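**Q** Below is the structure I would like to discuss, written out as structure tokens.
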Amino acid sequence: MTSITSTTLSDGRELIYFDDAGSTADRAAGPADLRGLPPRGEPGEVRFDALTREWVAIAAHRQTRTHLPPADQCPICPTTPNNPSEIPAADYDVVVFENRFPSLGPALGSIPDHGTWGTKGPAYGRCEVVSFTPEHTGSFSNLSETRSRTVIEAWAQRTAALSALPGIKQVFPFENRGADIGVTLHHPHGQIYAYPYVTPRAAVLGAAASSFHESSGGRETLTGSLLRAERQDGNRMVMEGENFSAYVPFAARWPLEIHLVPHRHVPDLAALSGEEKDELAHVYLDLLKRVDALYPTPTPYISAWHQAPLDPALRASGYLHLQLTSPRRAADKLKYLAGSEAAMGAFINDTTPESVAARLRDVVVPPASSATRASTAEGVPA
């Protein structure tokens with residue numbers, strides 16, 4: 001079992017250690033954060049866009065956040081005498097902590113359900129950083145399966161905890177990987193946003209899922225039906241396991257887009273069983289290794305875990321799934337969102353989903369070492 005220990009940083013932010021199964025680390029009397037940071041500021045704003053009926057966060061205070069520091073000043077490496085980092089320990093496995101420069105929070109509360117021109121309020125919510133490893137270099141795909149399983153446990157635990165906070169409407173774990181995506185830290189990490197509103201993309205997906213669910217008399221889900229259709233067709237499948245399958249969607253928007261979907265209808269990561277988390281630890285690593293093996297250099301991507309919003313009207317039909325996307329359309333080319341995509345939201349894909357799926361299926365994935373194979377789920381194709 002993953003060991004979980006919570007502590008507090010010098011400015012009052014929560015930090016949580018998630019230690020790998022079998023770890024002998026004793027965090028109970030761990031080192032304190034001695035930096036003496038100033039008290040946390042007030043949250044930014046959310047403003048209502050009456051033209052689109054969407055909320056926009058105004059976070060001007062983030063202009064001073066850390067941006068691509070040298071390795072010896074990385075804020076999420078373990079603390080050393082010369083680098084008192086955000087993590088006051090000489091070593092760790094996985095760490096989650098409240099972002100020092102959050103887009104949302106640290107205050108919690110509810111915002112209006114609707115607004116008009118001029119409606120604004122505090123940017124309630126919570127933003128957390130998830131450090132996957134104490135190693136400054138590498139990426140998620142380099143993790144062992146044991147460590148991958150620990151990260152998944154952290155996502156699940158934080159999803160449950162953040163969902164229970166006052167005013168939270170949606171919890172979103174994600175990873176931005178690569179300078180072309182816009183990362184501000186090279187250290188392998190992800191983030192979790194807990195929003196005080198349902199985000200625009202989740203609202204669109206939720207409306208479609210809810211409509212489909214109602215039309216089926218509550219017997220079927222939209223994501224489940226799409227998974228079934230893709231598995232029956234087969235042309236865009238990347239891998240199939242006992243509990244998860246991955247495919248390139250029929251109408252993929254991005255040059256590289258893969259959906260990873262559990263076979264069982266669950267709303268979020270917190271609802272996965274232990275067996276499902278074990279398999280996900282292997283399947284997710286396999287997927288990331290395939291993506292990185294497509295080209296001579298690592299591929300930039302956004303790994304987005306779509307979880308059901310907490311709104312009861314959307315939650316019953318919501319279905320956990322990963323959408324992994326990349327703008328990389330060739331070894332030396334990126335797709336930029338220009339007029340049609342950025343202004344109109346009308347995507348034009350430069351690749352065919354079928355050819356991308358075939359390449360991902362056929363790519364040679366480096367085998368896991370004996371140490372990383374220890375928790376491999378049986379029945380999952382390599």
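Chain labels run A, B, ... following the order of the structure tokens; each chain numbers its residues from 1, and ligands are numbered from 1 in the order shown.
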Using the chain letters and numbers from this document, which residues of segment 142-330 of chain A does DSSP assign to strand (DSSP E or B), as a PyMOL selection string?
**A** chain A and resi 170-177+189-195+237-240+244-247+256-262+301-306+321-326+328-330
**Q** Could you dump the residues just selected with N, CA and C atoms as a compact mmCIF listing (two decimals), in the first residue's frame?
**A**
```
# COMPACT_ATOMS: atom_id res chain seq x y z
N GLN A 170 -15.36 20.84 -10.17
CA GLN A 170 -14.67 19.93 -11.09
C GLN A 170 -13.22 19.79 -10.66
N VAL A 171 -12.69 18.56 -10.75
CA VAL A 171 -11.29 18.29 -10.41
C VAL A 171 -10.59 17.74 -11.65
N PHE A 172 -9.45 18.34 -11.99
CA PHE A 172 -8.78 18.04 -13.26
C PHE A 172 -7.29 17.78 -13.06
N PRO A 173 -6.85 16.51 -13.05
CA PRO A 173 -5.41 16.20 -13.05
C PRO A 173 -4.87 16.25 -14.49
N PHE A 174 -3.68 16.82 -14.65
CA PHE A 174 -3.11 16.90 -16.00
C PHE A 174 -1.60 17.04 -15.93
N GLU A 175 -0.97 16.81 -17.08
CA GLU A 175 0.47 17.01 -17.21
C GLU A 175 0.75 17.73 -18.51
N ASN A 176 1.50 18.82 -18.45
CA ASN A 176 2.06 19.46 -19.63
C ASN A 176 3.51 18.99 -19.75
N ARG A 177 3.86 18.39 -20.88
CA ARG A 177 5.23 17.90 -21.03
C ARG A 177 5.88 18.55 -22.26
N HIS A 189 6.67 16.57 -13.68
CA HIS A 189 5.59 16.88 -12.75
C HIS A 189 4.29 17.11 -13.49
N GLY A 190 3.22 17.11 -12.76
CA GLY A 190 1.92 17.44 -13.29
C GLY A 190 1.22 18.39 -12.33
N GLN A 191 -0.05 18.64 -12.59
CA GLN A 191 -0.82 19.54 -11.75
C GLN A 191 -2.24 18.99 -11.56
N ILE A 192 -2.92 19.53 -10.56
CA ILE A 192 -4.33 19.23 -10.34
C ILE A 192 -5.03 20.55 -10.06
N TYR A 193 -6.07 20.86 -10.85
CA TYR A 193 -6.87 22.06 -10.63
C TYR A 193 -8.23 21.63 -10.07
N ALA A 194 -8.66 22.31 -9.02
CA ALA A 194 -10.02 22.14 -8.49
C ALA A 194 -10.76 23.44 -8.75
N TYR A 195 -11.70 23.41 -9.70
CA TYR A 195 -12.37 24.61 -10.17
C TYR A 195 -13.65 24.91 -9.38
N MET A 237 -7.58 1.20 -32.94
CA MET A 237 -7.16 0.72 -31.63
C MET A 237 -5.64 0.74 -31.51
N VAL A 238 -5.17 1.12 -30.33
CA VAL A 238 -3.73 1.12 -30.05
C VAL A 238 -3.39 -0.05 -29.14
N MET A 239 -4.19 -0.29 -28.12
CA MET A 239 -3.97 -1.41 -27.21
C MET A 239 -5.27 -1.75 -26.50
N GLU A 240 -5.40 -3.01 -26.08
CA GLU A 240 -6.56 -3.47 -25.34
C GLU A 240 -6.10 -4.32 -24.16
N PHE A 244 -8.65 -1.64 -19.40
CA PHE A 244 -8.47 -0.38 -20.13
C PHE A 244 -8.14 -0.66 -21.58
N SER A 245 -8.60 0.24 -22.46
CA SER A 245 -8.20 0.20 -23.86
C SER A 245 -7.87 1.61 -24.33
N ALA A 246 -6.99 1.71 -25.32
CA ALA A 246 -6.59 3.00 -25.87
C ALA A 246 -6.81 3.00 -27.37
N TYR A 247 -7.28 4.11 -27.89
CA TYR A 247 -7.53 4.23 -29.33
C TYR A 247 -7.35 5.68 -29.77
N LEU A 256 -1.61 14.08 -33.10
CA LEU A 256 -1.42 12.92 -32.25
C LEU A 256 -2.44 13.03 -31.12
N GLU A 257 -3.40 12.14 -31.09
CA GLU A 257 -4.46 12.15 -30.07
C GLU A 257 -4.86 10.72 -29.75
N ILE A 258 -4.78 10.37 -28.47
CA ILE A 258 -5.15 9.03 -28.02
C ILE A 258 -6.07 9.15 -26.81
N HIS A 259 -7.11 8.33 -26.80
CA HIS A 259 -8.01 8.26 -25.66
C HIS A 259 -7.78 6.93 -24.94
N LEU A 260 -7.58 7.00 -23.64
CA LEU A 260 -7.40 5.81 -22.80
C LEU A 260 -8.63 5.73 -21.90
N VAL A 261 -9.37 4.62 -22.00
CA VAL A 261 -10.70 4.55 -21.38
C VAL A 261 -10.84 3.27 -20.57
N PRO A 262 -11.34 3.37 -19.34
CA PRO A 262 -11.62 2.15 -18.58
C PRO A 262 -12.82 1.42 -19.17
N TYR A 301 3.47 16.89 -25.11
CA TYR A 301 2.07 16.46 -25.05
C TYR A 301 1.35 17.11 -23.88
N ILE A 302 0.04 17.03 -23.93
CA ILE A 302 -0.82 17.35 -22.79
C ILE A 302 -1.58 16.08 -22.44
N SER A 303 -1.42 15.64 -21.22
CA SER A 303 -2.11 14.46 -20.72
C SER A 303 -3.24 14.94 -19.81
N ALA A 304 -4.48 14.81 -20.25
CA ALA A 304 -5.63 15.41 -19.58
C ALA A 304 -6.60 14.33 -19.11
N TRP A 305 -6.78 14.24 -17.80
CA TRP A 305 -7.72 13.27 -17.22
C TRP A 305 -9.10 13.92 -17.09
N HIS A 306 -10.01 13.50 -17.95
CA HIS A 306 -11.38 14.01 -17.92
C HIS A 306 -12.17 13.22 -16.89
N HIS A 321 -11.95 9.32 -18.52
CA HIS A 321 -11.10 8.92 -19.64
C HIS A 321 -9.95 9.91 -19.78
N LEU A 322 -8.87 9.43 -20.34
CA LEU A 322 -7.70 10.25 -20.62
C LEU A 322 -7.72 10.69 -22.07
N GLN A 323 -7.40 11.96 -22.30
CA GLN A 323 -7.15 12.44 -23.65
C GLN A 323 -5.71 12.93 -23.71
N LEU A 324 -4.88 12.21 -24.43
CA LEU A 324 -3.48 12.58 -24.61
C LEU A 324 -3.33 13.20 -25.98
N THR A 325 -2.90 14.46 -26.04
CA THR A 325 -2.80 15.16 -27.32
C THR A 325 -1.43 15.79 -27.50
N SER A 326 -1.01 15.91 -28.74
CA SER A 326 0.26 16.57 -29.07
C SER A 326 0.10 17.32 -30.39
N ARG A 328 2.52 17.74 -32.39
CA ARG A 328 3.61 17.31 -33.26
C ARG A 328 3.05 16.51 -34.44
N ARG A 329 3.25 17.02 -35.65
CA ARG A 329 2.72 16.35 -36.84
C ARG A 329 3.81 15.66 -37.66
N ALA A 330 5.07 15.92 -37.31
CA ALA A 330 6.21 15.25 -37.94
C ALA A 330 7.40 15.44 -37.01
```
**Q** Pick out the residues sitting within 9 Å of segment 56-71 of chain A, and hand them over as number ranges by chain; count only C-alpha atoms, and ignore anything fewer than 2 positions along from it in its own chain.
**A** A: 43-49, 54, 73-75, 77, 100-104, 123, 136-137, 183-187
**Q** Give the alpha helix (DSSP H) residues of segment 53-197 of chain A, as DSSP finds them on the backbone, and put them as a PyMOL selection string.
**A** chain A and resi 145-163
**Q** Print the selection's residues with N, CA and C atoms to a file, as a PDB file, in the first residue's frame.
**A**
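result.pdb was written with the following content:
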```
ATOM      1  N   GLU A 145       7.002   0.902 -12.862  1.00  0.00           N
ATOM      2  CA  GLU A 145       5.568   0.670 -12.699  1.00  0.00           C
ATOM      3  C   GLU A 145       5.140   0.872 -11.249  1.00  0.00           C
ATOM      4  N   THR A 146       6.031   0.577 -10.319  1.00  0.00           N
ATOM      5  CA  THR A 146       5.724   0.834  -8.907  1.00  0.00           C
ATOM      6  C   THR A 146       5.493   2.321  -8.685  1.00  0.00           C
ATOM      7  N   ARG A 147       6.365   3.161  -9.257  1.00  0.00           N
ATOM      8  CA  ARG A 147       6.215   4.606  -9.093  1.00  0.00           C
ATOM      9  C   ARG A 147       4.983   5.120  -9.847  1.00  0.00           C
ATOM     10  N   SER A 148       4.741   4.589 -11.026  1.00  0.00           N
ATOM     11  CA  SER A 148       3.539   4.958 -11.773  1.00  0.00           C
ATOM     12  C   SER A 148       2.288   4.673 -10.944  1.00  0.00           C
ATOM     13  N   ARG A 149       2.285   3.539 -10.265  1.00  0.00           N
ATOM     14  CA  ARG A 149       1.142   3.171  -9.414  1.00  0.00           C
ATOM     15  C   ARG A 149       0.990   4.157  -8.260  1.00  0.00           C
ATOM     16  N   THR A 150       2.109   4.641  -7.713  1.00  0.00           N
ATOM     17  CA  THR A 150       2.049   5.625  -6.627  1.00  0.00           C
ATOM     18  C   THR A 150       1.446   6.937  -7.115  1.00  0.00           C
ATOM     19  N   VAL A 151       1.835   7.370  -8.310  1.00  0.00           N
ATOM     20  CA  VAL A 151       1.264   8.598  -8.868  1.00  0.00           C
ATOM     21  C   VAL A 151      -0.237   8.446  -9.059  1.00  0.00           C
ATOM     22  N   ILE A 152      -0.663   7.300  -9.576  1.00  0.00           N
ATOM     23  CA  ILE A 152      -2.092   7.058  -9.778  1.00  0.00           C
ATOM     24  C   ILE A 152      -2.836   7.101  -8.444  1.00  0.00           C
ATOM     25  N   GLU A 153      -2.222   6.550  -7.406  1.00  0.00           N
ATOM     26  CA  GLU A 153      -2.838   6.604  -6.078  1.00  0.00           C
ATOM     27  C   GLU A 153      -2.943   8.048  -5.592  1.00  0.00           C
ATOM     28  N   ALA A 154      -1.920   8.842  -5.882  1.00  0.00           N
ATOM     29  CA  ALA A 154      -1.965  10.259  -5.503  1.00  0.00           C
ATOM     30  C   ALA A 154      -3.082  10.978  -6.248  1.00  0.00           C
ATOM     31  N   TRP A 155      -3.211  10.750  -7.553  1.00  0.00           N
ATOM     32  CA  TRP A 155      -4.306  11.361  -8.315  1.00  0.00           C
ATOM     33  C   TRP A 155      -5.661  10.983  -7.727  1.00  0.00           C
ATOM     34  N   ALA A 156      -5.825   9.702  -7.410  1.00  0.00           N
ATOM     35  CA  ALA A 156      -7.111   9.226  -6.891  1.00  0.00           C
ATOM     36  C   ALA A 156      -7.404   9.839  -5.523  1.00  0.00           C
ATOM     37  N   GLN A 157      -6.400   9.848  -4.637  1.00  0.00           N
ATOM     38  CA  GLN A 157      -6.611  10.381  -3.292  1.00  0.00           C
ATOM     39  C   GLN A 157      -6.929  11.876  -3.347  1.00  0.00           C
ATOM     40  N   ARG A 158      -6.204  12.605  -4.185  1.00  0.00           N
ATOM     41  CA  ARG A 158      -6.440  14.039  -4.275  1.00  0.00           C
ATOM     42  C   ARG A 158      -7.768  14.349  -4.955  1.00  0.00           C
ATOM     43  N   THR A 159      -8.171  13.539  -5.921  1.00  0.00           N
ATOM     44  CA  THR A 159      -9.480  13.730  -6.539  1.00  0.00           C
ATOM     45  C   THR A 159     -10.579  13.644  -5.492  1.00  0.00           C
ATOM     46  N   ALA A 160     -10.508  12.624  -4.634  1.00  0.00           N
ATOM     47  CA  ALA A 160     -11.518  12.469  -3.595  1.00  0.00           C
ATOM     48  C   ALA A 160     -11.473  13.631  -2.599  1.00  0.00           C
ATOM     49  N   ALA A 161     -10.268  14.016  -2.165  1.00  0.00           N
ATOM     50  CA  ALA A 161     -10.141  15.075  -1.168  1.00  0.00           C
ATOM     51  C   ALA A 161     -10.572  16.428  -1.716  1.00  0.00           C
ATOM     52  N   LEU A 162     -10.168  16.755  -2.933  1.00  0.00           N
ATOM     53  CA  LEU A 162     -10.519  18.047  -3.517  1.00  0.00           C
ATOM     54  C   LEU A 162     -12.003  18.126  -3.849  1.00  0.00           C
ATOM     55  N   SER A 163     -12.581  17.007  -4.256  1.00  0.00           N
ATOM     56  CA  SER A 163     -14.015  16.978  -4.577  1.00  0.00           C
ATOM     57  C   SER A 163     -14.868  17.293  -3.357  1.00  0.00           C
TER      58      SER A 163
END
```
**Q** Please provide the set of residues having any atom within 6 Å of segment 356-361 of chain A, restricted to only C-alpha atoms, with same-chain residues fewer than 6 positions apart removed, written as a PyMOL selection string.
**A** chain A and resi 236+238+248+290
**Q** Would you save the residues of that selection, restricted to C-alpha atoms, as a PDB file, in the first residue's frame?
**A**
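Full text of out-v3.pdb as output:
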```pdb
ATOM      1  CA  ARG A 236      -7.882   2.926 -34.654  1.00  0.00           C
ATOM      2  CA  VAL A 238      -3.731   1.117 -30.048  1.00  0.00           C
ATOM      3  CA  VAL A 248      -7.138   7.176 -31.683  1.00  0.00           C
ATOM      4  CA  ARG A 290       4.832   4.419 -27.604  1.00  0.00           C
TER       5      ARG A 290
END
```
**Q** Which residue out of A:Asp180, A:Ser273, A:Gln307, A:Pro112 has the minimum interatomic distance to Tyr336 of chain A when only C-alpha atoms are used?
**A**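 Checking each candidate against Tyr336 of chain A, we get A:Asp180 as the closest.
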**Q** I'd like the contact shell of Asp91 of chain A - 10 Å cut-off, only C-alpha atoms, skipping same-chain residues fewer than 4 positions apart - returned as a ChimeraX atom specification.
**A** /A:25,77-80,87,133-135
**Q** Could those selected residues go to a file with all heavy atoms, as a PDB file, in the first residue's frame?
**A**
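The resulting file, again.pdb, is reproduced below:
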```
ATOM      1  N   ALA A  25      10.318   4.605   4.415  1.00  0.00           N
ATOM      2  CA  ALA A  25      10.480   6.004   4.809  1.00  0.00           C
ATOM      3  C   ALA A  25       9.554   6.342   5.972  1.00  0.00           C
ATOM      4  O   ALA A  25       8.391   5.946   5.991  1.00  0.00           O
ATOM      5  CB  ALA A  25      10.178   6.913   3.624  1.00  0.00           C
ATOM      6  N   CYS A  77      12.909  19.816  -6.740  1.00  0.00           N
ATOM      7  CA  CYS A  77      13.918  18.815  -6.377  1.00  0.00           C
ATOM      8  C   CYS A  77      13.963  18.723  -4.853  1.00  0.00           C
ATOM      9  O   CYS A  77      13.520  19.636  -4.151  1.00  0.00           O
ATOM     10  CB  CYS A  77      15.284  19.213  -6.915  1.00  0.00           C
ATOM     11  SG  CYS A  77      15.550  18.846  -8.662  1.00  0.00           S
ATOM     12  N   PRO A  78      14.501  17.643  -4.298  1.00  0.00           N
ATOM     13  CA  PRO A  78      14.648  17.570  -2.841  1.00  0.00           C
ATOM     14  C   PRO A  78      15.497  18.737  -2.325  1.00  0.00           C
ATOM     15  O   PRO A  78      16.384  19.231  -3.023  1.00  0.00           O
ATOM     16  CB  PRO A  78      15.346  16.224  -2.625  1.00  0.00           C
ATOM     17  CG  PRO A  78      14.999  15.410  -3.832  1.00  0.00           C
ATOM     18  CD  PRO A  78      14.936  16.395  -4.963  1.00  0.00           C
ATOM     19  N   THR A  79      15.232  19.154  -1.113  1.00  0.00           N
ATOM     20  CA  THR A  79      15.976  20.247  -0.496  1.00  0.00           C
ATOM     21  C   THR A  79      17.431  19.862  -0.261  1.00  0.00           C
ATOM     22  O   THR A  79      17.737  18.732   0.132  1.00  0.00           O
ATOM     23  CB  THR A  79      15.313  20.645   0.834  1.00  0.00           C
ATOM     24  OG1 THR A  79      14.184  21.483   0.559  1.00  0.00           O
ATOM     25  CG2 THR A  79      16.265  21.409   1.741  1.00  0.00           C
ATOM     26  N   THR A  80      18.329  20.806  -0.542  1.00  0.00           N
ATOM     27  CA  THR A  80      19.762  20.673  -0.228  1.00  0.00           C
ATOM     28  C   THR A  80      20.184  21.955   0.494  1.00  0.00           C
ATOM     29  O   THR A  80      19.443  22.951   0.473  1.00  0.00           O
ATOM     30  CB  THR A  80      20.607  20.498  -1.498  1.00  0.00           C
ATOM     31  OG1 THR A  80      20.552  21.714  -2.265  1.00  0.00           O
ATOM     32  CG2 THR A  80      20.107  19.330  -2.342  1.00  0.00           C
ATOM     33  N   ILE A  87      10.137  21.276  -1.298  1.00  0.00           N
ATOM     34  CA  ILE A  87      10.003  19.963  -0.669  1.00  0.00           C
ATOM     35  C   ILE A  87      11.106  19.808   0.377  1.00  0.00           C
ATOM     36  O   ILE A  87      12.260  19.543   0.036  1.00  0.00           O
ATOM     37  CB  ILE A  87      10.066  18.850  -1.734  1.00  0.00           C
ATOM     38  CG1 ILE A  87       8.969  19.095  -2.780  1.00  0.00           C
ATOM     39  CG2 ILE A  87       9.891  17.480  -1.079  1.00  0.00           C
ATOM     40  CD1 ILE A  87       9.107  18.307  -4.041  1.00  0.00           C
ATOM     41  N   THR A 133       8.761  12.366  -9.264  1.00  0.00           N
ATOM     42  CA  THR A 133      10.036  11.739  -8.936  1.00  0.00           C
ATOM     43  C   THR A 133      10.979  12.788  -8.364  1.00  0.00           C
ATOM     44  O   THR A 133      10.852  13.983  -8.712  1.00  0.00           O
ATOM     45  CB  THR A 133      10.673  11.120 -10.200  1.00  0.00           C
ATOM     46  OG1 THR A 133      12.028  10.732  -9.931  1.00  0.00           O
ATOM     47  CG2 THR A 133      10.682  12.102 -11.354  1.00  0.00           C
ATOM     48  N   PRO A 134      11.938  12.400  -7.515  1.00  0.00           N
ATOM     49  CA  PRO A 134      12.942  13.364  -7.064  1.00  0.00           C
ATOM     50  C   PRO A 134      13.976  13.680  -8.135  1.00  0.00           C
ATOM     51  O   PRO A 134      14.723  14.648  -8.011  1.00  0.00           O
ATOM     52  CB  PRO A 134      13.582  12.658  -5.863  1.00  0.00           C
ATOM     53  CG  PRO A 134      13.418  11.199  -6.155  1.00  0.00           C
ATOM     54  CD  PRO A 134      12.089  11.093  -6.843  1.00  0.00           C
ATOM     55  N   GLU A 135      14.025  12.870  -9.201  1.00  0.00           N
ATOM     56  CA  GLU A 135      15.006  13.079 -10.277  1.00  0.00           C
ATOM     57  C   GLU A 135      14.613  14.290 -11.127  1.00  0.00           C
ATOM     58  O   GLU A 135      13.469  14.403 -11.566  1.00  0.00           O
ATOM     59  CB  GLU A 135      15.097  11.838 -11.157  1.00  0.00           C
ATOM     60  CG  GLU A 135      15.508  10.579 -10.414  1.00  0.00           C
ATOM     61  CD  GLU A 135      16.894  10.695  -9.801  1.00  0.00           C
ATOM     62  OE1 GLU A 135      17.746  11.385 -10.406  1.00  0.00           O
ATOM     63  OE2 GLU A 135      17.123  10.116  -8.730  1.00  0.00           O
TER      64      GLU A 135
END
```
**Q** Please determine, counting only C-alpha atoms, which residue among A:Arg35, A:Lys120, A:Arg53, A:Arg13 has the shortest atom-to-atom distance to Asn99 of chain A.
**A** A:Arg13
**Q** Which residue out of A:Asp72, A:Glu98, A:Glu42, A:Glu242 has the minimum interatomic distance to Thr7 of chain A when only C-alpha atoms are used?
**A**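 Of A:Asp72, A:Glu98, A:Glu42, A:Glu242, the one nearest Thr7 of chain A, counting only C-alpha atoms, is A:Glu98.
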**Q** Between atom CA of Asn243 of chain A and atom CA of Glu275 of chain A, what is the spacing in Å?
**A**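 Between these atoms lies a distance of 8.6 Å.
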**Q** Write out as a ChimeraX atom specification the residues lying within 12 Å of Gly218 of chain A, counting only C-alpha atoms and excluding same-chain residues fewer than 3 positions away.
**A** /A:209-215,221-222,316-318
